[in-house]
Number of protein chains: 4
Amino acid sequence: MPRPSVEVERRAQILRATCRVIAENGLRNLRISDVARLAGLSGGTVHYYFDTKQDLAQAAFEDCFERSLERRRWLLDSRADAVTRLRQVVDSYVPGTPETVEAWKVWVELWAESPRSPRLRELNERLYGEWRRIVAAIVRDGQARGQVADGDPLVLANMLVGMIDGLAVQVLAGSQSLTADRMRTTCLEFVDTVLAAQNSPHPVPGRRARAQSTSDNA
Amino acid sequence: MPRPSVEVERRAQILRATCRVIAENGLRNLRISDVARLAGLSGGTVHYYFDTKQDLAQAAFEDCFERSLERRRWLLDSRADAVTRLRQVVDSYVPGTPETVEAWKVWVELWAESPRSPRLRELNERLYGEWRRIVAAIVRDGQARGQVADGDPLVLANMLVGMIDGLAVQVLAGSQSLTADRMRTTCLEFVDTVLAAQNSPHPVPGRRARAQSTSDNA
Amino acid sequence: MPRPSVEVERRAQILRATCRVIAENGLRNLRISDVARLAGLSGGTVHYYFDTKQDLAQAAFEDCFERSLERRRWLLDSRADAVTRLRQVVDSYVPGTPETVEAWKVWVELWAESPRSPRLRELNERLYGEWRRIVAAIVRDGQARGQVADGDPLVLANMLVGMIDGLAVQVLAGSQSLTADRMRTTCLEFVDTVLAAQNSPHPVPGRRARAQSTSDNA
Amino acid sequence: MPRPSVEVERRAQILRATCRVIAENGLRNLRISDVARLAGLSGGTVHYYFDTKQDLAQAAFEDCFERSLERRRWLLDSRADAVTRLRQVVDSYVPGTPETVEAWKVWVELWAESPRSPRLRELNERLYGEWRRIVAAIVRDGQARGQVADGDPLVLANMLVGMIDGLAVQVLAGSQSLTADRMRTTCLEFVDTVLAAQNSPHPVPGRRARAQSTSDNA
DNA sequence: TATGAATGAGATTTCATTCAT
DNA sequence: GATGAATGAAATCTCATTCAT
């Protein structure tokens with residue numbers, strides 16, 4: 001009397017395993033047999049759920065991306081002030097926990113593969129776009145409440161997200177001079193000194209001179 | 001009567017071909033035979049110069065990285081004012097020319113592979129570190145001349161370089177909402193409104209904070 | 001509903017084929033594809049059961065050696081008198097049947113390869129040692145029954161086994177002056193005139209000296 | 001002004017190197033490039049002197065075999081008594097010196113290869129036959145002088161030579177239970193107790209009844 | 001639904017051989 | 001005489017995919 005849900009369960013199980021293999025070995029070394037072993041299944045079974053390796057990889061990328069987004073969606077609904085939330089964005093993205101590190105590694109693989117895969121491109125466009133819109137919404141909200149400095153919210157969001165991505169890539173690549181800590185400090189500094197409005201309730205010790213700019217220049 | 005050693009020339013020829021193949025097909029699909037065809041040689045000849053595919057890839061990464069750096073080293077010696085040079089940094093990195101695009105694709109492959117390769121990690125550390133130091137030197141120089149805002153030069157450089165990298169990755173990945181143009185605008189905005197000192201000779205219309213600039217779209 | 005595991009059967013099938021190829025072509029020319037063809041399988045299947053060619057060769061050597069020993073173990077339990085059994089030892093080793101010839105060729109390959117392979121060395125030590133002990137046991141038993149001349153049983157066994165091996169190698173090498181027949185005559189002569197006790201029930205015309213006693217060694 | 005002898009010299013140099021490579025790596029792993037390196041030449045040069053790898057191997061086998069024989073031909077002319085000379089035969093063949101070990105390894109390779117090479121077969125026939133005839137001549141001479149027990153000299157020589165070969169193969173194969181020492185003891189025991197006539201001037205401690213034989217049975 | 005067995009296409013790698021210099 | 005460079009044929013090995021059970 002097979003539970004009807006067995007299929008859903010199996011798929012999830014296989015996709016998680018696939019993400020782990022991609023993170024650990026790289027898409028380059030993704031082998032069905034490794035996925036099978038990690039999932040405690042046979043290679044044949046993996047193929048029973050996913051026709052081709054490509055399908056499997058694509059589905060895994062989607063799964064990983066969606067779960068990542070899900071994990072952060074609470075930021076959008078948070079009632080905290082915008083700068084706090086932006087700092088939370090940074091914190092939630094610094095590659096610290098195994099979960100975060102795994103997700104980052106999968107993203108980098110996805111980005112490296114995208115130029116040759118319309119489907120991955122579309123996936124990135126959709127989910128990464130959503131992510132950038134979330135950050136932009138926080139910025140816009142903060143501006144409306146006077147917590148975030150003026151400026152095109154999307155541009156500011158792109159600055160932050162770009163910076164996070166670029167520095168994370170270095171952290172992931174194992175840079176000794178660009179550690180997770182330094183990444184965190186740098187991004188938070190950006191939030192505090194560039195994004196936060198002057199009257200922000202986040203007086204950062206050693207606040208840097210710049211970007212007070214606006215008023216001066218305005 | 002030794003012919004003028006053809007070795008140096010041949011190695012370079014093979015490495016260029018390898019970079020092109022990596023950029024086009026991904027490290028994942030790097031095939032010796034493709035390299036050979038592109039270089040107009042036999043597969044055996046490629047192996048005559050590089051023992052293993054791994055050696056070849058590593059050497060190609062080094063070659064690509066070094067040439068990229070070489071192409072930008074003039075920025076360090078430039079007499080132009082710091083902000084101009086920082087804008088040149090941005091411009092020189094926006095993936096526009098085929099050459100730039102190729103280099104970026106190779107870097108992303110390198111970063112994706114680094115977690116599993118100490119040699120690549122070391123390579124990135126060395127050359128990428130040098131690159132960040134170059135940018136930091138421009139910042140420091142600009143600060144000394146009052147052209148760049150105060151703040152830890154390395155932190156500021158990391159912000160800019162990180163932003164460039166993160167956004168470039170999206171451009172490379174073929175994002176439709178984050179195009180090369182938008183990357184350029186965003187990074188230049190950062191240079192002009194965050195890095196440039198207030199009395200900078202680059203009075204940007206609509207100076208920062210508001211970045212009313214562009215687009216609410218995307 | 002697992003089929004009765006085909007694995008044991010398939011492995012045996014592949015190993016027999018491998019032995020035949022080694023015997024016919026030499027280890028030097030052992031090709032997976034030949035093994036596959038001879039076993040009626042695909043090359044991939046051979047690799048499905050044996051990871052590397054080396055593993056395959058090692059396993060084949062073991063298989064050949066063990067089967068050879070198995071084929072002779074009855075000699076140990078035989079109730080016949082010792083000299084008869086020693087003559088049977090000789091007879092069973094003269095390269096006559098295709099089976100014997102094949103086994104000999106494999107052994108020579110193994111011996112030639114041993115200096116470079118600890119695993120083969122260990123294999124030879126274990127199985128060849130056992131074989132020498134079997135012969136020594138026959139000698140010892142014969143001595144106890146007064147059928148075999150005195151002398152250190154292991155030394156006498158080594159003389160016989162060494163002689164058999166050395167002459168067989170020449171037979172195998174295709175010597176025209178040292179044929180299987182001559183090998184047989186020579187070894188039997190040794191059994192009859194050196195090993196057999198004088199009152200042995202095997203009165204050989206032209207009986208010669210035996211080498212009882214001895215051995216401070218072994 | 002090239003010396004006319006350079007060619008002879010080069011050939012010898014290459015052949016020695018080939019023997020060493022065969023002994024160390026096995027015929028199986030004989031590579032022209034290794035020979036070249038060991039001889040301090042280029043691969044091209046090796047081919048200048050030997051058309052094909054097969055030619056090279058064949059010539060090397062001949063060279064090795066002939067030099068071995070040469071090294072022992074003094075035994076034939078020795079004035080010592082036969083038993084002494086037979087003991088010298090044994091001693092000179094126990095794999096002790098690097099030179100002996102190398103020669104043995106090459107022979108085993110030759111024997112392993114012979115079944116598939118008429119040329120090697122012919123070589124073995126010719127040179128090994130000569131060697132067996134040398135030993136038989138010593139036996140015959142000893143019998144004529146009453147130093148060696150009766151019996152077909154060729155059969156007795158084959159016994160000794162076979163025993164030497166068979167045991168040497170085990171020593172070469174790295175047997176721990178059949179060491180060079182044990183090989184030596186065993187073969188000398190055979191010489192002293194089986195080949196030596198009763199009135200031999202080699203009273204072996206522990207020596208017992210032997211060789212009266214013949215007459216008893218006659 | 002699940003799997004172990006089998007396959008074959010494809011990639012790397014090795015290396016004897018050739019040849020221009 | 002001698003060599004470095006280049007080649008291409010051949011062999012091992014990998015692994016996605018198929019399929020009978």
# chains A, B, ... in the order shown; residues from 1 in each chain; ligands from 1
call {"tool": "calpha_fit_rmsd", "arguments": {"fixed": "chain B", "moving": "chain C"}}
result
5.4 Å
call {"tool": "residues_around", "arguments": {"residues": "region 3-20 of chain F", "least_positions_apart": "6", "cutoff": "7 Å", "atoms": "only C-alpha atoms (C1' of nucleotides)", "output": "list in words"}}
result
Ser42, Gly44 and Thr45 of chain B; Ser42 and Gly44 of chain D
call {"tool": "closest_residue", "arguments": {"among": "B:Tyr93, B:Trp111, B:Trp131, B:Phe61", "to": "chain A", "atoms": "only C-alpha atoms"}}
result
B:Trp111
call {"tool": "closest_atom_pairs", "arguments": {"of": "chain E", "to": "chain A", "cutoff": "10 Å", "atoms": "only C-alpha atoms (C1' of nucleotides)", "output": "Markdown table"}}
result
| residue | atom | partner | partner_atom | distance |
| --- | --- | --- | --- | --- |
| E:DT1 | C1' | A:Thr45 | CA | 8.4 |
| E:DA2 | C1' | A:Thr45 | CA | 6.0 |
| E:DT3 | C1' | A:Gly44 | CA | 6.1 |
| E:DG4 | C1' | A:Ser42 | CA | 8.4 |
call {"tool": "write_last_selection", "arguments": {"atoms": "N, CA, C and O atoms (P, O5', C5', C4', C3', O3' and C1' of nucleotides)", "output": "PDB file, in the first residue's frame"}}
result
ATOM      1  P    DT E   1       4.699   5.438  -8.280  1.00  0.00           P
ATOM      2  O5'  DT E   1       6.116   4.837  -7.791  1.00  0.00           O
ATOM      3  C5'  DT E   1       5.895   3.716  -7.113  1.00  0.00           C
ATOM      4  C4'  DT E   1       7.067   3.060  -6.508  1.00  0.00           C
ATOM      5  C3'  DT E   1       8.438   3.705  -6.578  1.00  0.00           C
ATOM      6  O3'  DT E   1       9.019   3.488  -5.299  1.00  0.00           O
ATOM      7  C1'  DT E   1       8.529   1.547  -7.553  1.00  0.00           C
ATOM      8  P    DA E   2      10.354   4.054  -4.887  1.00  0.00           P
ATOM      9  O5'  DA E   2      11.298   2.909  -5.461  1.00  0.00           O
ATOM     10  C5'  DA E   2      11.288   1.658  -4.799  1.00  0.00           C
ATOM     11  C4'  DA E   2      12.369   0.774  -5.365  1.00  0.00           C
ATOM     12  C3'  DA E   2      13.712   1.476  -5.596  1.00  0.00           C
ATOM     13  O3'  DA E   2      14.630   0.861  -4.713  1.00  0.00           O
ATOM     14  C1'  DA E   2      13.089   0.123  -7.449  1.00  0.00           C
ATOM     15  P    DT E   3      16.151   1.336  -4.738  1.00  0.00           P
ATOM     16  O5'  DT E   3      16.792   0.257  -5.696  1.00  0.00           O
ATOM     17  C5'  DT E   3      16.511  -1.107  -5.436  1.00  0.00           C
ATOM     18  C4'  DT E   3      17.198  -1.961  -6.464  1.00  0.00           C
ATOM     19  C3'  DT E   3      18.585  -1.437  -6.840  1.00  0.00           C
ATOM     20  O3'  DT E   3      19.477  -2.523  -6.809  1.00  0.00           O
ATOM     21  C1'  DT E   3      17.332  -1.879  -8.778  1.00  0.00           C
ATOM     22  P    DG E   4      20.834  -2.383  -6.074  1.00  0.00           P
ATOM     23  O5'  DG E   4      21.575  -3.563  -6.821  1.00  0.00           O
ATOM     24  C5'  DG E   4      20.905  -4.819  -6.932  1.00  0.00           C
ATOM     25  C4'  DG E   4      21.263  -5.476  -8.247  1.00  0.00           C
ATOM     26  C3'  DG E   4      22.735  -5.424  -8.608  1.00  0.00           C
ATOM     27  O3'  DG E   4      23.024  -6.637  -9.280  1.00  0.00           O
ATOM     28  C1'  DG E   4      21.499  -4.325 -10.301  1.00  0.00           C
TER      29       DG E   4
END
call {"tool": "residues_around", "arguments": {"residues": "Ala137 (chain B)", "least_positions_apart": "3", "cutoff": "10 Å", "atoms": "only C-alpha atoms (C1' of nucleotides)", "output": "list in words"}}
result
Leu76, Ala82, Trp131, Arg132, Arg133, Ile134, Arg140, Asp141, Gly142, Gln143, Pro153, Leu154 and Ala157 of chain B
call {"tool": "select_by_dssp", "arguments": {"residues": "region 157-186 of chain A", "states": "helix (DSSP H, G or I)", "output": "list in words"}}
result
Ala157, Asn158, Met159, Leu160, Val161, Gly162, Met163, Ile164, Asp165, Gly166, Leu167, Ala168, Val169, Gln170, Val171, Leu172, Ala180, Asp181, Arg182, Met183, Arg184, Thr185 and Thr186 of chain A
call {"tool": "atom_distance", "arguments": {"atom1": "CA of Glu99 (chain B)", "atom2": "CA of Val155 (chain A)"}}
result
26.9 Å
call {"tool": "interface_residues", "arguments": {"of": "chain B", "to": "chain A", "cutoff": "6 Å", "atoms": "only C-alpha atoms", "output": "list in words"}}
result
Arg28, Val108, Glu109, Trp111, Ala112, Ser114, Pro115, Glu125, Ala149, Asp150, Gly151, Gly162, Met163, Asp165, Gly166, Leu167, Ala173, Ser175, Val194, Ala209, Arg210, Ala211 and Gln212 of chain B
call {"tool": "atom_distance", "arguments": {"atom1": "CA of Ala39 (chain D)", "atom2": "C1' of DC19 (chain E)"}}
result
22.3 Å
